[in-house]
Amino acid sequence: MTPEEYTQLKAFARIDGAYLGLAWIASFALYIGGLSSPALGLGSALLAVLSPVFAAVRLAKFRDKAREGVISFRRAAAYYILMFLYASLLMALAQYIYFAYIDGGYIVQAYSAIMSTPEATAMLKAYGMSGQQLQESINLLAQTEPIYIVLNILSMNVTCGIILSLPVAAIMKRSATNGSKQHPTNS
């Protein structure tokens, strides 16, 4: 891959990563709203589950438009990983702003309220967890600095991108056919 091709790959991945990051931020906002409204929680889950498919579609567009339908496994994987990295950074910024300046303990209070319902109490008993253990977990969450929460989520998002890049790149890779333009540096 030439330096120009690498620059092109990063530029397109940044743009698509921004789109993916905005989808994740919307999913996160719906998740927060979903703590009090199940319909919003469903929207959050749908956005989260469909985001890898969205990323694969954006990879296919990059392959077809910028790469003239040809992309190697390594280049497709790198594109997908970079897209997830850029989206994760954007999501981390939004989550840090939320947890540091907006939340004010809302999530902890919502979890406490949810876990004090009879259904949650029965579920905890079925898993052998006591109310005291749950309260300790909630207290630990309340004491966790926003940066640590965000870094944990950031690392999970990047790890998911790396893992998902392998099957997606295997599906999306395309070699040059006899009638198409041959790219000599297709790695």
# chains A, B, ... in the order shown; residues from 1 in each chain; ligands from 1
$ residues_around --residues "Ala26 (chain A)" --least-positions-apart "3" --cutoff "10 Å" --atoms "only C-alpha atoms" --output "list in words"
Leu20, Gly21, Leu22, Ala23, Ala29, Leu30, Tyr31, Ile32, Gly43, Ser44, Leu47, Ala48 and Met91 of chain A
$ write_last_selection --atoms "N, CA, C and O atoms" --output "mmCIF file, in the first residue's frame"
data_model
loop_
_atom_site.group_PDB
_atom_site.id
_atom_site.type_symbol
_atom_site.label_atom_id
_atom_site.label_comp_id
_atom_site.auth_asym_id
_atom_site.auth_seq_id
_atom_site.Cartn_x
_atom_site.Cartn_y
_atom_site.Cartn_z
ATOM 1 N N LEU A 20 -20.537 6.225 12.079
ATOM 2 C CA LEU A 20 -20.760 5.132 13.019
ATOM 3 C C LEU A 20 -20.779 5.658 14.450
ATOM 4 O O LEU A 20 -21.627 5.256 15.259
ATOM 5 N N GLY A 21 -19.878 6.571 14.773
ATOM 6 C CA GLY A 21 -19.853 7.161 16.106
ATOM 7 C C GLY A 21 -21.134 7.913 16.424
ATOM 8 O O GLY A 21 -21.654 7.834 17.544
ATOM 9 N N LEU A 22 -21.681 8.634 15.449
ATOM 10 C CA LEU A 22 -22.946 9.338 15.663
ATOM 11 C C LEU A 22 -24.083 8.346 15.902
ATOM 12 O O LEU A 22 -24.960 8.594 16.741
ATOM 13 N N ALA A 23 -24.052 7.228 15.201
ATOM 14 C CA ALA A 23 -25.067 6.191 15.437
ATOM 15 C C ALA A 23 -24.923 5.633 16.853
ATOM 16 O O ALA A 23 -25.920 5.393 17.546
ATOM 17 N N ALA A 29 -27.784 7.579 23.782
ATOM 18 C CA ALA A 29 -28.844 8.485 24.243
ATOM 19 C C ALA A 29 -30.161 7.725 24.401
ATOM 20 O O ALA A 29 -30.888 7.924 25.389
ATOM 21 N N LEU A 30 -30.453 6.833 23.455
ATOM 22 C CA LEU A 30 -31.669 6.024 23.571
ATOM 23 C C LEU A 30 -31.578 5.060 24.749
ATOM 24 O O LEU A 30 -32.580 4.773 25.398
ATOM 25 N N TYR A 31 -30.370 4.558 25.028
ATOM 26 C CA TYR A 31 -30.185 3.681 26.193
ATOM 27 C C TYR A 31 -30.497 4.429 27.483
ATOM 28 O O TYR A 31 -31.195 3.901 28.356
ATOM 29 N N ILE A 32 -29.998 5.656 27.596
ATOM 30 C CA ILE A 32 -30.270 6.462 28.787
ATOM 31 C C ILE A 32 -31.779 6.678 28.918
ATOM 32 O O ILE A 32 -32.350 6.513 29.995
ATOM 33 N N GLY A 43 -34.997 0.752 20.772
ATOM 34 C CA GLY A 43 -34.310 1.504 19.718
ATOM 35 C C GLY A 43 -32.806 1.498 19.917
ATOM 36 O O GLY A 43 -32.042 1.368 18.950
ATOM 37 N N SER A 44 -32.384 1.621 21.157
ATOM 38 C CA SER A 44 -30.959 1.581 21.470
ATOM 39 C C SER A 44 -30.357 0.240 21.083
ATOM 40 O O SER A 44 -29.281 0.181 20.469
ATOM 41 N N LEU A 47 -30.070 -0.109 17.238
ATOM 42 C CA LEU A 47 -28.940 0.649 16.702
ATOM 43 C C LEU A 47 -27.614 -0.040 17.014
ATOM 44 O O LEU A 47 -26.718 -0.110 16.165
ATOM 45 N N ALA A 48 -27.490 -0.540 18.226
ATOM 46 C CA ALA A 48 -26.236 -1.195 18.621
ATOM 47 C C ALA A 48 -26.002 -2.471 17.815
ATOM 48 O O ALA A 48 -24.888 -2.720 17.345
ATOM 49 N N MET A 91 -17.365 8.341 20.372
ATOM 50 C CA MET A 91 -18.287 7.859 21.399
ATOM 51 C C MET A 91 -17.710 8.111 22.796
ATOM 52 O O MET A 91 -18.433 8.521 23.708
#
$ residues_around --residues "Val150 (chain A)" --least-positions-apart "4" --cutoff "7 Å" --atoms "only C-alpha atoms" --output "list in words"
Ala92, Gln95, Tyr96, Pro146 and Leu154 of chain A
$ write_last_selection --atoms "all heavy atoms" --output "PDB file, in the first residue's frame"
ATOM      1  N   ALA A  92     -16.419   7.891  22.963  1.00  0.00           N
ATOM      2  CA  ALA A  92     -15.777   8.111  24.261  1.00  0.00           C
ATOM      3  C   ALA A  92     -15.873   9.576  24.675  1.00  0.00           C
ATOM      4  O   ALA A  92     -16.143   9.875  25.849  1.00  0.00           O
ATOM      5  CB  ALA A  92     -14.316   7.667  24.214  1.00  0.00           C
ATOM      6  N   GLN A  95     -19.471  10.168  25.744  1.00  0.00           N
ATOM      7  CA  GLN A  95     -19.765   9.526  27.023  1.00  0.00           C
ATOM      8  C   GLN A  95     -19.054  10.228  28.176  1.00  0.00           C
ATOM      9  O   GLN A  95     -19.622  10.343  29.260  1.00  0.00           O
ATOM     10  CB  GLN A  95     -19.376   8.046  26.979  1.00  0.00           C
ATOM     11  CG  GLN A  95     -20.332   7.230  26.160  1.00  0.00           C
ATOM     12  CD  GLN A  95     -19.960   5.769  26.134  1.00  0.00           C
ATOM     13  OE1 GLN A  95     -18.781   5.411  26.099  1.00  0.00           O
ATOM     14  NE2 GLN A  95     -20.962   4.919  26.143  1.00  0.00           N
ATOM     15  N   TYR A  96     -17.844  10.682  27.949  1.00  0.00           N
ATOM     16  CA  TYR A  96     -17.156  11.399  29.019  1.00  0.00           C
ATOM     17  C   TYR A  96     -17.915  12.668  29.385  1.00  0.00           C
ATOM     18  O   TYR A  96     -18.108  12.968  30.566  1.00  0.00           O
ATOM     19  CB  TYR A  96     -15.710  11.737  28.641  1.00  0.00           C
ATOM     20  CG  TYR A  96     -15.014  12.440  29.784  1.00  0.00           C
ATOM     21  CD1 TYR A  96     -14.548  11.711  30.873  1.00  0.00           C
ATOM     22  CD2 TYR A  96     -14.889  13.815  29.805  1.00  0.00           C
ATOM     23  CE1 TYR A  96     -13.956  12.349  31.955  1.00  0.00           C
ATOM     24  CE2 TYR A  96     -14.296  14.464  30.877  1.00  0.00           C
ATOM     25  CZ  TYR A  96     -13.832  13.722  31.949  1.00  0.00           C
ATOM     26  OH  TYR A  96     -13.263  14.356  33.028  1.00  0.00           O
ATOM     27  N   PRO A 146     -15.611   8.936  35.921  1.00  0.00           N
ATOM     28  CA  PRO A 146     -16.105   8.866  34.542  1.00  0.00           C
ATOM     29  C   PRO A 146     -15.044   8.410  33.538  1.00  0.00           C
ATOM     30  O   PRO A 146     -15.355   7.651  32.618  1.00  0.00           O
ATOM     31  CB  PRO A 146     -16.559  10.297  34.241  1.00  0.00           C
ATOM     32  CG  PRO A 146     -16.889  10.868  35.569  1.00  0.00           C
ATOM     33  CD  PRO A 146     -15.930  10.230  36.534  1.00  0.00           C
ATOM     34  N   LEU A 154     -14.497   2.243  25.744  1.00  0.00           N
ATOM     35  CA  LEU A 154     -13.644   2.482  24.572  1.00  0.00           C
ATOM     36  C   LEU A 154     -12.868   1.218  24.206  1.00  0.00           C
ATOM     37  O   LEU A 154     -12.847   0.804  23.035  1.00  0.00           O
ATOM     38  CB  LEU A 154     -12.679   3.638  24.841  1.00  0.00           C
ATOM     39  CG  LEU A 154     -11.615   3.908  23.783  1.00  0.00           C
ATOM     40  CD1 LEU A 154     -12.234   4.563  22.567  1.00  0.00           C
ATOM     41  CD2 LEU A 154     -10.510   4.775  24.340  1.00  0.00           C
TER      42      LEU A 154
END
$ select_by_dssp --residues "region 61-132 of chain A" --states "helix (DSSP H, G or I)" --output "ChimeraX atom specification"
/A:61-66,73-102,106-115,118-126,131-132
$ residues_around --residues "Tyr79 (chain A)" --least-positions-apart "5" --cutoff "8 Å" --atoms "only C-alpha atoms" --output "list in words"
Leu9, Lys10, Ala13 and Leu59 of chain A
$ atom_distance --atom1 "CA of Gly34 (chain A)" --atom2 "CA of Ile162 (chain A)"
28.2 Å
$ closest_residue --among "A:Leu82, A:Val168, A:Ala55, A:Leu35" --to "Ile107 (chain A)" --atoms "only C-alpha atoms"
A:Leu35
$ atom_distance --atom1 "CA of Gly69 (chain A)" --atom2 "CA of Leu46 (chain A)"
29.4 Å
$ residues_around --residues "Leu124 (chain A)" --least-positions-apart "4" --cutoff "12 Å" --atoms "only C-alpha atoms" --output "VMD selection string"
chain A and resid 114 to 120 128 to 135
$ residues_around --residues "Phe84 (chain A)" --least-positions-apart "2" --cutoff "10 Å" --atoms "only C-alpha atoms" --output "list in words"
Ala13, Arg14, Asp16, Gly17, Ala18, Leu20, Gly21, Ser51, Pro52, Ala55, Ala78, Tyr79, Tyr80, Ile81, Leu82, Tyr86, Ala87, Ser88, Leu89, Leu90, Leu154, Asn157, Val158, Thr159, Cys160, Gly161, Ile162, Leu164 and Ser165 of chain A
$ residues_around --residues "Leu141 (chain A)" --least-positions-apart "2" --cutoff "12 Å" --atoms "only C-alpha atoms" --output "JSON list (two decimals) with N, CA and C atoms, in the first residue's frame"
[["chain", "number", "residue", "atom", "x", "y", "z"],
["A", 99, "PHE", "N", -21.04, 11.50, 31.38],
["A", 99, "PHE", "CA", -20.80, 11.01, 32.74],
["A", 99, "PHE", "C", -20.19, 12.08, 33.65],
["A", 105, "GLY", "N", -25.51, 11.07, 38.61],
["A", 105, "GLY", "CA", -25.98, 9.91, 39.37],
["A", 105, "GLY", "C", -27.26, 9.29, 38.84],
["A", 106, "TYR", "N", -27.75, 9.76, 37.69],
["A", 106, "TYR", "CA", -29.01, 9.24, 37.14],
["A", 106, "TYR", "C", -28.94, 7.75, 36.86],
["A", 107, "ILE", "N", -27.87, 7.29, 36.23],
["A", 107, "ILE", "CA", -27.78, 5.87, 35.88],
["A", 107, "ILE", "C", -27.74, 5.01, 37.13],
["A", 108, "VAL", "N", -26.99, 5.42, 38.12],
["A", 108, "VAL", "CA", -26.91, 4.65, 39.37],
["A", 108, "VAL", "C", -28.29, 4.58, 40.03],
["A", 109, "GLN", "N", -28.99, 5.70, 40.07],
["A", 109, "GLN", "CA", -30.34, 5.71, 40.65],
["A", 109, "GLN", "C", -31.29, 4.83, 39.85],
["A", 111, "TYR", "N", -30.47, 2.19, 37.97],
["A", 111, "TYR", "CA", -30.12, 0.79, 38.23],
["A", 111, "TYR", "C", -30.65, 0.36, 39.60],
["A", 112, "SER", "N", -30.51, 1.21, 40.60],
["A", 112, "SER", "CA", -31.02, 0.88, 41.93],
["A", 112, "SER", "C", -32.52, 0.65, 41.90],
["A", 134, "LEU", "N", -25.42, -6.82, 45.55],
["A", 134, "LEU", "CA", -25.91, -5.89, 44.54],
["A", 134, "LEU", "C", -25.66, -4.45, 44.97],
["A", 135, "GLN", "N", -25.94, -4.16, 46.22],
["A", 135, "GLN", "CA", -25.74, -2.79, 46.71],
["A", 135, "GLN", "C", -24.27, -2.40, 46.67],
["A", 136, "GLU", "N", -23.39, -3.34, 46.99],
["A", 136, "GLU", "CA", -21.95, -3.07, 46.90],
["A", 136, "GLU", "C", -21.54, -2.78, 45.46],
["A", 137, "SER", "N", -22.11, -3.52, 44.52],
["A", 137, "SER", "CA", -21.80, -3.30, 43.10],
["A", 137, "SER", "C", -22.28, -1.92, 42.65],
["A", 138, "ILE", "N", -23.46, -1.55, 43.06],
["A", 138, "ILE", "CA", -24.01, -0.25, 42.68],
["A", 138, "ILE", "C", -23.20, 0.87, 43.33],
["A", 139, "ASN", "N", -22.80, 0.68, 44.59],
["A", 139, "ASN", "CA", -21.95, 1.69, 45.25],
["A", 139, "ASN", "C", -20.60, 1.83, 44.55],
["A", 143, "GLN", "N", -18.99, 5.20, 42.64],
["A", 143, "GLN", "CA", -17.70, 5.78, 43.02],
["A", 143, "GLN", "C", -16.69, 5.77, 41.88],
["A", 144, "THR", "N", -17.01, 5.10, 40.77],
["A", 144, "THR", "CA", -16.08, 5.00, 39.66],
["A", 144, "THR", "C", -16.00, 6.33, 38.91],
["A", 145, "GLU", "N", -14.78, 6.78, 38.66],
["A", 145, "GLU", "CA", -14.55, 8.02, 37.93],
["A", 145, "GLU", "C", -15.04, 7.88, 36.49],
["A", 146, "PRO", "N", -15.61, 8.94, 35.92],
["A", 146, "PRO", "CA", -16.10, 8.87, 34.54],
["A", 146, "PRO", "C", -15.04, 8.41, 33.54],
["A", 148, "TYR", "N", -12.68, 6.26, 33.85],
["A", 148, "TYR", "CA", -12.50, 4.81, 33.89],
["A", 148, "TYR", "C", -13.66, 4.08, 33.22],
["A", 149, "ILE", "N", -14.86, 4.60, 33.40],
["A", 149, "ILE", "CA", -16.02, 4.02, 32.71],
["A", 149, "ILE", "C", -15.84, 4.16, 31.21]]
$ atom_distance --atom1 "CA of Phe54 (chain A)" --atom2 "CA of Leu93 (chain A)"
21.1 Å
